[in-house]
file run-v1.pdb (PDB, C-alpha atoms)
ATOM      1  CA  MET A 179      95.600 182.992  35.625
ATOM      2  CA  GLN A 180      92.710 181.088  36.876
ATOM      3  CA  ALA A 181      94.717 177.935  36.730
ATOM      4  CA  ALA A 182      97.491 179.616  38.621
ATOM      5  CA  GLY A 183      94.933 180.934  41.120
ATOM      6  CA  GLY A 184      93.427 177.451  41.497
ATOM      7  CA  THR A 185      96.843 175.996  42.095
ATOM      8  CA  LEU A 186      97.570 178.625  44.679
ATOM      9  CA  GLU A 187      94.256 177.977  46.350
ATOM     10  CA  SER A 188      94.855 174.229  46.462
ATOM     11  CA  LYS A 189      98.350 174.845  47.783
ATOM     12  CA  PHE A 190      96.865 177.145  50.400
ATOM     13  CA  GLN A 191      94.285 174.514  51.410
ATOM     14  CA  ARG A 192      96.984 171.863  51.611
ATOM     15  CA  ALA A 193      99.095 174.191  53.726
ATOM     16  CA  GLU A 194      96.080 174.862  56.001
ATOM     17  CA  LEU A 195      95.472 171.115  56.339
ATOM     18  CA  GLN A 196      99.138 170.574  57.100
ATOM     19  CA  VAL A 197      99.008 173.361  59.737
ATOM     20  CA  GLN A 198      95.869 171.795  61.263
ATOM     21  CA  GLY A 199      97.527 168.368  61.203
ATOM     22  CA  ALA A 200     100.643 169.846  62.805
ATOM     23  CA  GLN A 201      98.514 171.604  65.442
ATOM     24  CA  THR A 202      96.689 168.336  66.175
ATOM     25  CA  LYS A 203     100.006 166.532  66.414
ATOM     26  CA  ILE A 204     101.319 169.286  68.717
ATOM     27  CA  SER A 205      98.229 168.929  70.935
ATOM     28  CA  ASP A 206      98.621 165.143  71.026
ATOM     29  CA  LEU A 207     102.315 165.462  71.872
ATOM     30  CA  GLU A 208     101.530 168.031  74.603
ATOM     31  CA  ARG A 209      98.969 165.630  76.142
ATOM     32  CA  LEU A 210     101.459 162.793  75.926
ATOM     33  CA  ASN A 211     104.100 165.054  77.503
ATOM     34  CA  ASP A 212     101.707 165.905  80.363
ATOM     35  CA  GLU A 213     100.940 162.209  80.913
ATOM     36  CA  LEU A 214     104.652 161.376  80.939
ATOM     37  CA  LYS A 215     105.305 164.201  83.433
ATOM     38  CA  ARG A 216     102.548 162.873  85.724
ATOM     39  CA  SER A 217     103.876 159.346  85.379
ATOM     40  CA  ASN A 218     107.403 160.565  86.100
ATOM     41  CA  ALA A 219     106.166 162.445  89.192
ATOM     42  CA  ASP A 220     104.285 159.340  90.399
ATOM     43  CA  LEU A 221     107.338 157.156  89.911
ATOM     44  CA  THR A 222     109.543 159.711  91.671
ATOM     45  CA  HIS A 223     107.167 159.764  94.656
ATOM     46  CA  GLN A 224     107.065 155.964  94.722
ATOM     47  CA  LEU A 225     110.854 155.807  94.632
ATOM     48  CA  GLU A 226     111.053 158.305  97.506
ATOM     49  CA  ARG A 227     108.601 156.204  99.539
ATOM     50  CA  TRP A 228     110.685 153.079  98.917
ATOM     51  CA  GLN A 229     113.865 154.913  99.848
ATOM     52  CA  ASN A 230     112.204 156.134 103.039
ATOM     53  CA  LEU A 231     111.193 152.561 103.822
ATOM     54  CA  ASP A 232     114.766 151.429 103.219
ATOM     55  CA  THR A 233     116.035 154.217 105.446
ATOM     56  CA  LYS A 234     113.520 153.402 108.157
ATOM     57  CA  GLY A 235     114.310 149.717 107.821
ATOM     58  CA  GLY A 236     118.008 150.509 107.954
ATOM     59  CA  GLU A 237     117.511 152.691 111.016
ATOM     60  CA  ALA A 238     115.455 149.987 112.702
ATOM     61  CA  ALA A 239     118.082 147.386 111.852
ATOM     62  CA  GLU A 240     120.803 149.668 113.219
ATOM     63  CA  LYS A 241     118.844 150.181 116.452
ATOM     64  CA  GLU A 242     118.358 146.421 116.786
ATOM     65  CA  HIS A 243     122.057 145.867 116.148
ATOM     66  CA  GLN A 244     122.995 148.425 118.813
ATOM     67  CA  LYS A 245     120.538 146.854 121.245
ATOM     68  CA  ARG A 246     121.977 143.411 120.542
ATOM     69  CA  VAL A 247     125.543 144.611 121.043
ATOM     70  CA  ALA A 248     124.549 146.238 124.350
ATOM     71  CA  LEU A 249     122.790 143.069 125.488
ATOM     72  CA  GLU A 250     125.742 140.896 124.506
ATOM     73  CA  PHE A 251     128.056 143.198 126.448
ATOM     74  CA  GLU A 252     125.739 143.057 129.469
ATOM     75  CA  LEU A 253     125.549 139.270 129.182
ATOM     76  CA  GLN A 254     129.348 139.014 129.111
ATOM     77  CA  GLU A 255     129.583 141.211 132.215
ATOM     78  CA  LEU A 256     126.983 139.077 133.989
ATOM     79  CA  LYS A 257     128.831 135.889 133.055
ATOM     80  CA  GLU A 258     132.075 137.309 134.427
ATOM     81  CA  THR A 259     130.320 138.413 137.621
ATOM     82  CA  HIS A 260     128.695 134.994 137.943
ATOM     83  CA  GLU A 261     132.021 133.209 137.481
ATOM     84  CA  SER A 262     133.590 135.503 140.076
ATOM     85  CA  HIS A 263     130.797 134.744 142.550
ATOM     86  CA  LEU A 264     131.112 131.014 141.865
ATOM     87  CA  GLU A 265     134.831 131.202 142.541
ATOM     88  CA  GLU A 266     134.256 133.152 145.763
ATOM     89  CA  HIS A 267     131.644 130.634 146.906
ATOM     90  CA  ALA A 268     133.918 127.720 146.046
ATOM     91  CA  ASN A 269     136.693 129.310 148.118
ATOM     92  CA  LEU A 270     134.269 129.932 150.973
ATOM     93  CA  VAL A 271     133.027 126.334 150.850
ATOM     94  CA  GLU A 272     136.639 125.111 150.904
ATOM     95  CA  LYS A 273     137.428 127.311 153.927
ATOM     96  CA  LEU A 274     134.343 126.077 155.735
ATOM     97  CA  LYS A 275     135.275 122.454 154.995
ATOM     98  CA  ASN A 276     138.774 123.058 156.355
ATOM     99  CA  ARG A 277     137.356 124.759 159.456
ATOM    100  CA  TYR A 278     134.917 121.887 159.939
ATOM    101  CA  GLU A 279     137.732 119.351 159.666
ATOM    102  CA  ARG A 280     139.835 121.283 162.211
ATOM    103  CA  VAL A 281     136.901 121.541 164.628
ATOM    104  CA  LYS A 282     136.125 117.889 164.114
ATOM    105  CA  GLU A 283     139.767 116.955 164.844
ATOM    106  CA  LYS A 284     139.773 119.112 167.988
ATOM    107  CA  ALA A 285     136.504 117.572 169.110
ATOM    108  CA  THR A 286     137.932 114.084 168.577
ATOM    109  CA  THR A 287     141.073 115.079 170.497
ATOM    110  CA  TYR A 288     138.974 116.446 173.372
ATOM    111  CA  GLU A 289     136.894 113.286 173.423
ATOM    112  CA  VAL A 290     139.995 111.125 173.556
ATOM    113  CA  CYS A 291     141.503 113.281 176.295
ATOM    114  CA  ALA A 292     138.272 113.559 178.199
ATOM    115  CA  SER A 293     137.500 109.847 178.187
ATOM    116  CA  PRO A 294     140.441 108.745 180.426
ATOM    117  CA  LEU A 295     139.910 111.720 182.677
ATOM    118  CA  HIS A 296     136.278 110.955 182.997
ATOM    119  CA  ARG A 297     137.063 107.341 183.795
ATOM    120  CA  SER A 298     139.640 108.289 186.348
ATOM    121  CA  ASN A 299     137.269 110.791 187.930
ATOM    122  CA  SER A 300     134.523 108.234 188.070
ATOM    123  CA  LEU A 301     136.968 105.777 189.628
ATOM    124  CA  ASN A 302     138.078 108.330 192.192
ATOM    125  CA  VAL A 303     134.556 109.234 193.086
ATOM    126  CA  GLY A 304     133.884 105.655 194.026
ATOM    127  CA  PHE A 305     136.738 105.526 196.561
TER     128      PHE A 305
END

call {"tool": "encode", "arguments": {"input": "run-v1.pdb", "output": "structure tokens"}}
result
Amino acid sequence: MQAAGGTLESKFQRAELQVQGAQTKISDLERLNDELKRSNADLTHQLERWQNLDTKGGEAAEKEHQKRVALEFELQELKETHESHLEEHANLVEKLKNRYERVKEKATTYEVCASPLHRSNSLNVGF
């Protein structure tokens, strides 16, 4: 029986060592699990920060795009207004040129008409 008792005791010691080894392995795996959870949380936070940057960058780009579209629209309106003013000024210049030519013609006509009259008046004054 002693041999059987010794065998049982050695089996018991082996079982205790196996339990201790399993407990150590469990502790190591729990530490590793905790590290992986922390790492996962860190990576999740980093990903969220990057996504926020992308969102902010996207929002900023969208604002810039809207600003550019508004400025392009305003520029187009200003160009159209400018062209309209140029056309109006060109028409006004043309009218003024025509008026000048008409006044110039009338002045020439008056000079021509006035010259013989003036001569005849000066001749009559002498008599």

call {"tool": "atom_distance", "arguments": {"input": "run-v1.pdb", "atom1": "atom CA of Leu231 of chain A", "atom2": "atom CA of Lys245 of chain A"}}
result
20.6 Å

call {"tool": "atom_distance", "arguments": {"input": "run-v1.pdb", "atom1": "atom CA of Phe251 of chain A", "atom2": "atom CA of Glu266 of chain A"}}
result
22.6 Å

call {"tool": "atom_distance", "arguments": {"input": "run-v1.pdb", "atom1": "atom CA of Leu214 of chain A", "atom2": "atom CA of Gln198 of chain A"}}
result
23.9 Å

call {"tool": "decode", "arguments": {"input": "run-v1.pdb", "residues": "segment 265-276 of chain A", "atoms": "N, CA, C and O atoms", "output": "compact mmCIF listing (two decimals), in the first residue's frame"}}
result
# COMPACT_ATOMS: atom_id res chain seq x y z
N GLU A 265 -20.53 98.80 -72.34
CA GLU A 265 -21.43 98.96 -73.48
C GLU A 265 -22.17 100.30 -73.39
O GLU A 265 -22.28 101.03 -74.37
N GLU A 266 -22.66 100.61 -72.17
CA GLU A 266 -23.35 101.89 -71.98
C GLU A 266 -22.41 103.06 -72.27
O GLU A 266 -22.80 104.03 -72.93
N HIS A 267 -21.18 102.98 -71.79
CA HIS A 267 -20.22 104.06 -72.02
C HIS A 267 -19.87 104.17 -73.50
O HIS A 267 -19.73 105.28 -74.03
N ALA A 268 -19.73 103.03 -74.17
CA ALA A 268 -19.45 103.06 -75.60
C ALA A 268 -20.60 103.73 -76.34
O ALA A 268 -20.37 104.56 -77.25
N ASN A 269 -21.83 103.41 -75.98
CA ASN A 269 -22.99 104.06 -76.61
C ASN A 269 -23.00 105.55 -76.32
O ASN A 269 -23.29 106.37 -77.21
N LEU A 270 -22.69 105.92 -75.09
CA LEU A 270 -22.66 107.33 -74.72
C LEU A 270 -21.58 108.07 -75.49
O LEU A 270 -21.81 109.18 -75.99
N VAL A 271 -20.40 107.47 -75.60
CA VAL A 271 -19.31 108.08 -76.37
C VAL A 271 -19.74 108.26 -77.83
O VAL A 271 -19.51 109.32 -78.44
N GLU A 272 -20.40 107.26 -78.39
CA GLU A 272 -20.86 107.35 -79.78
C GLU A 272 -21.88 108.47 -79.94
O GLU A 272 -21.82 109.25 -80.89
N LYS A 273 -22.81 108.60 -78.99
CA LYS A 273 -23.79 109.69 -79.05
C LYS A 273 -23.11 111.05 -78.96
O LYS A 273 -23.46 111.98 -79.69
N LEU A 274 -22.14 111.14 -78.04
CA LEU A 274 -21.44 112.42 -77.91
C LEU A 274 -20.64 112.76 -79.16
O LEU A 274 -20.57 113.93 -79.57
N LYS A 275 -20.05 111.77 -79.80
CA LYS A 275 -19.33 112.00 -81.06
C LYS A 275 -20.29 112.50 -82.12
O LYS A 275 -19.98 113.45 -82.86
N ASN A 276 -21.45 111.84 -82.21
CA ASN A 276 -22.45 112.27 -83.21
C ASN A 276 -22.91 113.69 -82.92
O ASN A 276 -23.05 114.51 -83.84
